[in-house]
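K.L.:
Take a look at this one; I'll ask things after.
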Amino acid sequence: MKYMLLLASNPADEPAPDSESFGPYMGEWAAYSEALAEAGAMVAGEALQGADTASTVQVRDGKRIVTDGPFIESKEVIGGYYVIDVADLDEALDWAAKIPNSHFGTVEVRPVMEFDG
Amino acid sequence: MGFADVFRTEWPRLVATLMRDVGDLAIAEDAAQDAFVEASTRWPLDGIPDRPGAWLVTTGRRKAIDQIRRMRRFEDRLPALAADPSTAESGRTASSYADVDREQALDDQLALLVGCCHPALASEAQVALTLRIVAGLSTPQIARAFLVSEETMTRRLTRAKTKIRAANIPFDPPDMDTLAERTGAVCEVISSIFTEGHASATDTALIRGDLCEEAIWLAELLSRLVPTDPEVAGLHALLLLTDARRPSRLDSHGGPILLADQDRSLWDQPMIARGLAELARAHSFHRGGAFQFQAAIAALHATAPTFEATDWPAVLRLYDVLLQRQPSALVALNRAIAIDRVHGPAAAVVALDAILVADDLTGDVDDYVYFHTARSDVLARLGRLDDAFAALRRAIECSTNESERSFLRRRRQDLNEVVDLRRPR
């Protein structure tokens with residue numbers, strides 16, 4: 001059966017990109033992803049860009065409300081995810097608004113990290 | 001036309017054009033900035049070109065190409081830019097300057113405006129970006145206007161531009177079905193810039209005219225870009241009709257003068273005429289809206305010879321309609337003041353007190369200076385002098401503005417004297 005592993009952490013606790021421990025830290029991620037893939041357990045995995053790039057979408061009374069920032073409502077819990085591939089943020093927001101529970105929940109839309117090379 | 005006038009007109013056109021060429025706001029802004037820097041050194045020697053816009057676009061594109069060559073990421077944009085033959089040579093004649101299609105230029109500027117006001121950006125970011133990217137104010141100028149450090153404003157702008165690039169917020173002319181919504185967002189930003197200038201809560205001088213002027217300039221630009229939106233015309237009218245009163249709003253100490261006491265001979269009549277014309281144009285679309293109602297109220301004030309002679313029943317009717325559309329405590333407050341004029345202080349105090357306990361209004365008047373001063377004024381006329389005094393005290397507590405506090409203390413002094421006069425001897 002499938003699971004979604006939701007990775008939550010305080011960015012302040014992570015090794016800084018210019019620190020000595022950063023390289024080894026990245027190596028750990030690569031090794032983990034490889035191990036998952038080798039075990040046949042990997043379905044999908046992505047790093048997301050920072051919280052500053054997040055937007056949230058809610059639909060209330062038929063009206064779409066878009067706000068800047070990540071979702072932080074404490075009573076709501078993450079119930080699922082999609083990874084979509086579209087042209088720009090407006091298209092992503094359009095899809096987010098159509099998600100069935102956007103009428104009572106909150107959908108966070110965050111760009112996925114793109115690694116060059 | 002002087003350099004400053006050319007900058008004012010050409011800045012948003014240039015950024016908008018480069019934005020369409022390059023698709024990256026930060027590059028477009030930097031290239032535009034560099035182009036104007038070059039203009040400021042070349043034009044005093046060579047004279048302002050006949051077609052400054054074309055000169056700027058050609059130069060801007062060259063600067064953008066230089067920037068892109070220094071960065072790996074946007075190299076796919078180079079072929080399109082480099083295809084413009086005028087960017088390839090260093091010596092140029094007037095005929096080789098890039099031609100920018102007029103229709104396209106309007107579309108690009110609208111794309112720029114709605115992009116800067118995208119809801120995925122924090123509202124203070126929308127304001128800062130609009131002033132920087134469209135109005136062309138420098139970062140230090142914007143920082144000063146909003147009373148934050150230059151560092152803070154720089155960070156705000158950088159974060160916004162980073163999100164635009166990282167989340168790929170599109171800067172495209174809006175589709176017909178989203179035009180009203182996106183234009184509405186721009187109107188809100190322009191309105192908040194004007195409000196900040198019109199009645200600044202944190203500055204020691206109550207009015208920052210420069211922000212009012214920027215807001216009016218932006219409203220006029222939006223009006224040209226979206227000529228068939230009655231709310232855009234309504235906003236433009238509202239700002240003109242409100243700002244026309246500016247010369248009478250402050251006394252010689254920088255303290256506020258209330259509408260009832262303003263010297264109406266100081267009001268800017270040509271500005272009022274322009275505002276009335278814009279309002280008439282808005283009405284011609286037969287589609288009401290909040291900005292139009294507010295403008296209609298401002299028009300009633302602007303055309304009244306005195307405070308007492310104002311058509312208060314009409315003002316009240318407009319506030320009744322506006323309150324339904326915009327159930328805010330602020331609108332309810334202004335409506336209560338109109339009730340005072342039409343039905344007297346007893347009815348007004350009922351309306352004012354109702355605002356404090358209402359649960360269907362947005363916003364809060366508990367800490368709003370003007371709410372308490374209005375209440376104090378009405379209570380005094382009802383003879384409830386101790387209550388009036390208490391309300392005025394509350395107003396002084398709530399004020400964050402020194403010239404305003406001095407004004408209120410003088411009012412309290414006046415009321416004190418009235419209270420003393422009434423005490424039995």
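Simple scheme: letters A, B, ... for chains in structure tokens order, numbers from 1 for residues in each chain, numbers from 1 for ligands in the order shown.
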Would you write out, as JSON lines, a table of all residues in chain B that have an atom no more than 8 Å from an atom of chain A, listing for each the closest atom pair and the distance in Å to one decimal, considering only C-alpha atoms and ordering rows by chain and rising residue number?
P.N.:
{"residue": "B:Pro119", "atom": "CA", "partner": "A:Val66", "partner_atom": "CA", "distance": 5.6}
{"residue": "B:Ala120", "atom": "CA", "partner": "A:Asp68", "partner_atom": "CA", "distance": 4.6}
{"residue": "B:Leu121", "atom": "CA", "partner": "A:Asp68", "partner_atom": "CA", "distance": 5.0}
{"residue": "B:Ala122", "atom": "CA", "partner": "A:Asp68", "partner_atom": "CA", "distance": 5.2}
{"residue": "B:Arg159", "atom": "CA", "partner": "A:Asp52", "partner_atom": "CA", "distance": 7.5}
{"residue": "B:Thr162", "atom": "CA", "partner": "A:Thr53", "partner_atom": "CA", "distance": 7.8}
{"residue": "B:Lys163", "atom": "CA", "partner": "A:Thr53", "partner_atom": "CA", "distance": 4.9}
{"residue": "B:Ala166", "atom": "CA", "partner": "A:Thr53", "partner_atom": "CA", "distance": 6.4}
{"residue": "B:Ala167", "atom": "CA", "partner": "A:Pro111", "partner_atom": "CA", "distance": 5.4}
{"residue": "B:Asn168", "atom": "CA", "partner": "A:Asp88", "partner_atom": "CA", "distance": 5.4}
{"residue": "B:Ile169", "atom": "CA", "partner": "A:Leu89", "partner_atom": "CA", "distance": 5.2}
{"residue": "B:Pro170", "atom": "CA", "partner": "A:Asp88", "partner_atom": "CA", "distance": 6.2}
K.L.:
I want to know what sits within 6 Å of Ile396 (chain B), based on only C-alpha atoms, with residues of the same chain fewer than 3 positions away left out; could you give that as a list in words?
P.N.:
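Non-adjacent residues within range: Arg393, Ser399 and Arg405 of chain B.
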K.L.:
Quick one: pull the distance between CA of Val321 (chain B) and CA of Arg287 (chain B), Å, one decimal.
P.N.:
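CA of Val321 (chain B) sits 13.6 Å away from CA of Arg287 (chain B).
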K.L.:
Skip Gly105 (chain A) itself and residues of its chain fewer than 2 positions away, then list as a PyMOL selection string all residues within 8 Å of it, counting only C-alpha atoms.
P.N.:
chain A and resi 58+76+101-103+107
K.L.:
At what distance in Å, to one decimal, does CA of Val232 (chain B) lie from CA of Ala145 (chain B)?
P.N.:
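Distance between the two atoms: 24.1 Å.
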K.L.:
Which residue is closest to Gly62 (chain A)? Choose from A:Ala97, A:Ala44, A:Leu5, A:Glu38 and count only C-alpha atoms.
P.N.:
A:Ala97
K.L.:
Set the distance at 12 Å and use only C-alpha atoms: which residues neighbour Gln269 (chain B) once local chain neighbours fewer than 3 positions away are removed? I'd like the list as a PyMOL selection string.
P.N.:
chain B and resi 240-247+264-266+272-276+299+302-303
K.L.:
Would you export the selected residues with C-alpha atoms as a compact mmCIF listing (two decimals), in the first residue's frame, please?
P.N.:
# COMPACT_ATOMS: atom_id res chain seq x y z
CA LEU B 240 -9.28 63.48 -7.78
CA LEU B 241 -12.32 64.68 -5.81
CA THR B 242 -10.68 63.81 -2.50
CA ASP B 243 -7.24 65.24 -3.27
CA ALA B 244 -8.80 68.48 -4.54
CA ARG B 245 -9.51 69.33 -0.91
CA ARG B 246 -5.88 68.89 0.13
CA PRO B 247 -4.95 72.62 0.22
CA ARG B 264 -13.62 75.73 0.42
CA SER B 265 -12.19 78.60 -1.62
CA LEU B 266 -8.85 76.74 -1.44
CA ILE B 272 -12.88 68.76 -9.05
CA ALA B 273 -14.06 69.32 -12.62
CA ARG B 274 -11.83 66.45 -13.84
CA GLY B 275 -13.14 64.24 -11.04
CA LEU B 276 -16.75 65.01 -11.92
CA ALA B 299 -18.68 64.72 -5.47
CA ALA B 302 -16.87 68.84 -3.51
CA THR B 303 -19.79 70.67 -5.11
K.L.:
Kindly give the distance, in Å, that separates CA of Val365 (chain B) and CA of Ala329 (chain B), rounded to a single decimal.
P.N.:
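We find that CA of Val365 (chain B) and CA of Ala329 (chain B) lie 6.5 Å from each other.
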K.L.:
Identify, with DSSP run on backbone atoms, the residues in chain A assigned to helix (DSSP H, G or I), and express the list as an mmCIF file with N, CA and C atoms, in the first residue's frame.
P.N.:
data_model
loop_
_atom_site.group_PDB
_atom_site.id
_atom_site.type_symbol
_atom_site.label_atom_id
_atom_site.label_comp_id
_atom_site.auth_asym_id
_atom_site.auth_seq_id
_atom_site.Cartn_x
_atom_site.Cartn_y
_atom_site.Cartn_z
ATOM 1 N N PRO A 11 13.477 25.345 8.679
ATOM 2 C CA PRO A 11 14.625 25.620 7.804
ATOM 3 C C PRO A 11 15.861 26.043 8.588
ATOM 4 N N ALA A 12 15.656 26.664 9.731
ATOM 5 C CA ALA A 12 16.795 27.130 10.538
ATOM 6 C C ALA A 12 17.630 25.973 11.068
ATOM 7 N N ASP A 13 17.030 24.759 11.145
ATOM 8 C CA ASP A 13 17.776 23.614 11.682
ATOM 9 C C ASP A 13 18.605 22.886 10.634
ATOM 10 N N PHE A 22 27.143 20.748 4.643
ATOM 11 C CA PHE A 22 26.119 20.722 3.605
ATOM 12 C C PHE A 22 26.351 19.602 2.594
ATOM 13 N N GLY A 23 27.562 19.480 2.130
ATOM 14 C CA GLY A 23 27.888 18.453 1.138
ATOM 15 C C GLY A 23 27.508 17.054 1.619
ATOM 16 N N PRO A 24 28.052 16.655 2.766
ATOM 17 C CA PRO A 24 27.690 15.332 3.316
ATOM 18 C C PRO A 24 26.170 15.185 3.486
ATOM 19 N N TYR A 25 25.478 16.284 3.925
ATOM 20 C CA TYR A 25 24.019 16.258 4.120
ATOM 21 C C TYR A 25 23.317 15.929 2.805
ATOM 22 N N MET A 26 23.708 16.583 1.733
ATOM 23 C CA MET A 26 23.128 16.322 0.409
ATOM 24 C C MET A 26 23.411 14.882 -0.017
ATOM 25 N N GLY A 27 24.616 14.418 0.345
ATOM 26 C CA GLY A 27 24.969 13.037 0.032
ATOM 27 C C GLY A 27 24.018 12.051 0.693
ATOM 28 N N GLU A 28 23.597 12.370 1.922
ATOM 29 C CA GLU A 28 22.648 11.502 2.636
ATOM 30 C C GLU A 28 21.332 11.404 1.893
ATOM 31 N N TRP A 29 20.845 12.561 1.375
ATOM 32 C CA TRP A 29 19.589 12.548 0.617
ATOM 33 C C TRP A 29 19.710 11.668 -0.627
ATOM 34 N N ALA A 30 20.818 11.842 -1.342
ATOM 35 C CA ALA A 30 21.009 11.068 -2.571
ATOM 36 C C ALA A 30 21.031 9.582 -2.266
ATOM 37 N N ALA A 31 21.735 9.242 -1.204
ATOM 38 C CA ALA A 31 21.835 7.835 -0.829
ATOM 39 C C ALA A 31 20.467 7.272 -0.458
ATOM 40 N N TYR A 32 19.671 8.079 0.274
ATOM 41 C CA TYR A 32 18.338 7.635 0.697
ATOM 42 C C TYR A 32 17.447 7.400 -0.505
ATOM 43 N N SER A 33 17.429 8.355 -1.441
ATOM 44 C CA SER A 33 16.595 8.234 -2.638
ATOM 45 C C SER A 33 16.985 6.987 -3.432
ATOM 46 N N GLU A 34 18.306 6.769 -3.517
ATOM 47 C CA GLU A 34 18.809 5.608 -4.253
ATOM 48 C C GLU A 34 18.345 4.321 -3.594
ATOM 49 N N ALA A 35 18.435 4.322 -2.275
ATOM 50 C CA ALA A 35 18.041 3.122 -1.530
ATOM 51 C C ALA A 35 16.562 2.823 -1.738
ATOM 52 N N LEU A 36 15.745 3.850 -1.677
ATOM 53 C CA LEU A 36 14.308 3.687 -1.894
ATOM 54 C C LEU A 36 14.040 3.102 -3.273
ATOM 55 N N ALA A 37 14.721 3.693 -4.265
ATOM 56 C CA ALA A 37 14.515 3.262 -5.647
ATOM 57 C C ALA A 37 14.933 1.793 -5.813
ATOM 58 N N GLU A 38 16.089 1.460 -5.253
ATOM 59 C CA GLU A 38 16.608 0.095 -5.354
ATOM 60 C C GLU A 38 15.686 -0.922 -4.714
ATOM 61 N N ALA A 51 9.554 28.421 1.759
ATOM 62 C CA ALA A 51 8.213 28.849 2.172
ATOM 63 C C ALA A 51 7.827 30.199 1.569
ATOM 64 N N ASP A 52 8.833 31.035 1.290
ATOM 65 C CA ASP A 52 8.584 32.353 0.691
ATOM 66 C C ASP A 52 7.960 32.274 -0.695
ATOM 67 N N THR A 53 8.068 31.097 -1.330
ATOM 68 C CA THR A 53 7.539 30.969 -2.684
ATOM 69 C C THR A 53 6.148 30.349 -2.694
ATOM 70 N N LEU A 89 2.223 29.842 -12.530
ATOM 71 C CA LEU A 89 1.516 29.799 -11.239
ATOM 72 C C LEU A 89 0.006 29.924 -11.429
ATOM 73 N N ASP A 90 -0.432 30.760 -12.359
ATOM 74 C CA ASP A 90 -1.876 30.935 -12.564
ATOM 75 C C ASP A 90 -2.557 29.611 -12.915
ATOM 76 N N GLU A 91 -1.909 28.814 -13.780
ATOM 77 C CA GLU A 91 -2.486 27.509 -14.110
ATOM 78 C C GLU A 91 -2.514 26.608 -12.892
ATOM 79 N N ALA A 92 -1.446 26.657 -12.099
ATOM 80 C CA ALA A 92 -1.390 25.835 -10.883
ATOM 81 C C ALA A 92 -2.496 26.244 -9.921
ATOM 82 N N LEU A 93 -2.719 27.569 -9.782
ATOM 83 C CA LEU A 93 -3.766 28.054 -8.888
ATOM 84 C C LEU A 93 -5.146 27.625 -9.382
ATOM 85 N N ASP A 94 -5.332 27.645 -10.699
ATOM 86 C CA ASP A 94 -6.614 27.196 -11.264
ATOM 87 C C ASP A 94 -6.885 25.744 -10.880
ATOM 88 N N TRP A 95 -5.868 24.882 -11.036
ATOM 89 C CA TRP A 95 -6.029 23.479 -10.659
ATOM 90 C C TRP A 95 -6.262 23.318 -9.163
ATOM 91 N N ALA A 96 -5.555 24.113 -8.372
ATOM 92 C CA ALA A 96 -5.709 24.027 -6.914
ATOM 93 C C ALA A 96 -7.134 24.351 -6.500
ATOM 94 N N ALA A 97 -7.721 25.367 -7.150
ATOM 95 C CA ALA A 97 -9.073 25.777 -6.787
ATOM 96 C C ALA A 97 -10.089 24.687 -7.091
ATOM 97 N N LYS A 98 -9.756 23.793 -8.048
ATOM 98 C CA LYS A 98 -10.709 22.750 -8.442
ATOM 99 C C LYS A 98 -10.643 21.520 -7.542
ATOM 100 N N PRO A 100 -11.403 19.082 -4.797
ATOM 101 C CA PRO A 100 -12.682 18.982 -4.097
ATOM 102 C C PRO A 100 -12.707 19.572 -2.688
ATOM 103 N N ASN A 101 -11.659 19.430 -1.905
ATOM 104 C CA ASN A 101 -11.762 19.967 -0.548
ATOM 105 C C ASN A 101 -11.254 21.399 -0.419
ATOM 106 N N SER A 102 -11.046 22.108 -1.552
ATOM 107 C CA SER A 102 -10.636 23.515 -1.458
ATOM 108 C C SER A 102 -11.770 24.364 -0.896
ATOM 109 N N HIS A 103 -12.992 23.801 -0.906
ATOM 110 C CA HIS A 103 -14.143 24.566 -0.426
ATOM 111 C C HIS A 103 -14.178 24.672 1.086
#
K.L.:
When distances are computed from only C-alpha atoms, which of B:Leu408, B:Leu318, B:Ala354, B:Leu106 shows the smallest separation from Thr373 (chain B)?
P.N.:
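Of all the options, B:Leu408 lies closest to Thr373 (chain B).
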K.L.:
Which residues are near Leu382 (chain B)? Cut-off 9 Å, only C-alpha atoms, ignore same chain within fewer than 3 positions. Put them as a VMD selection string.
P.N.:
chain B and resid 345 to 346 377 to 379 385
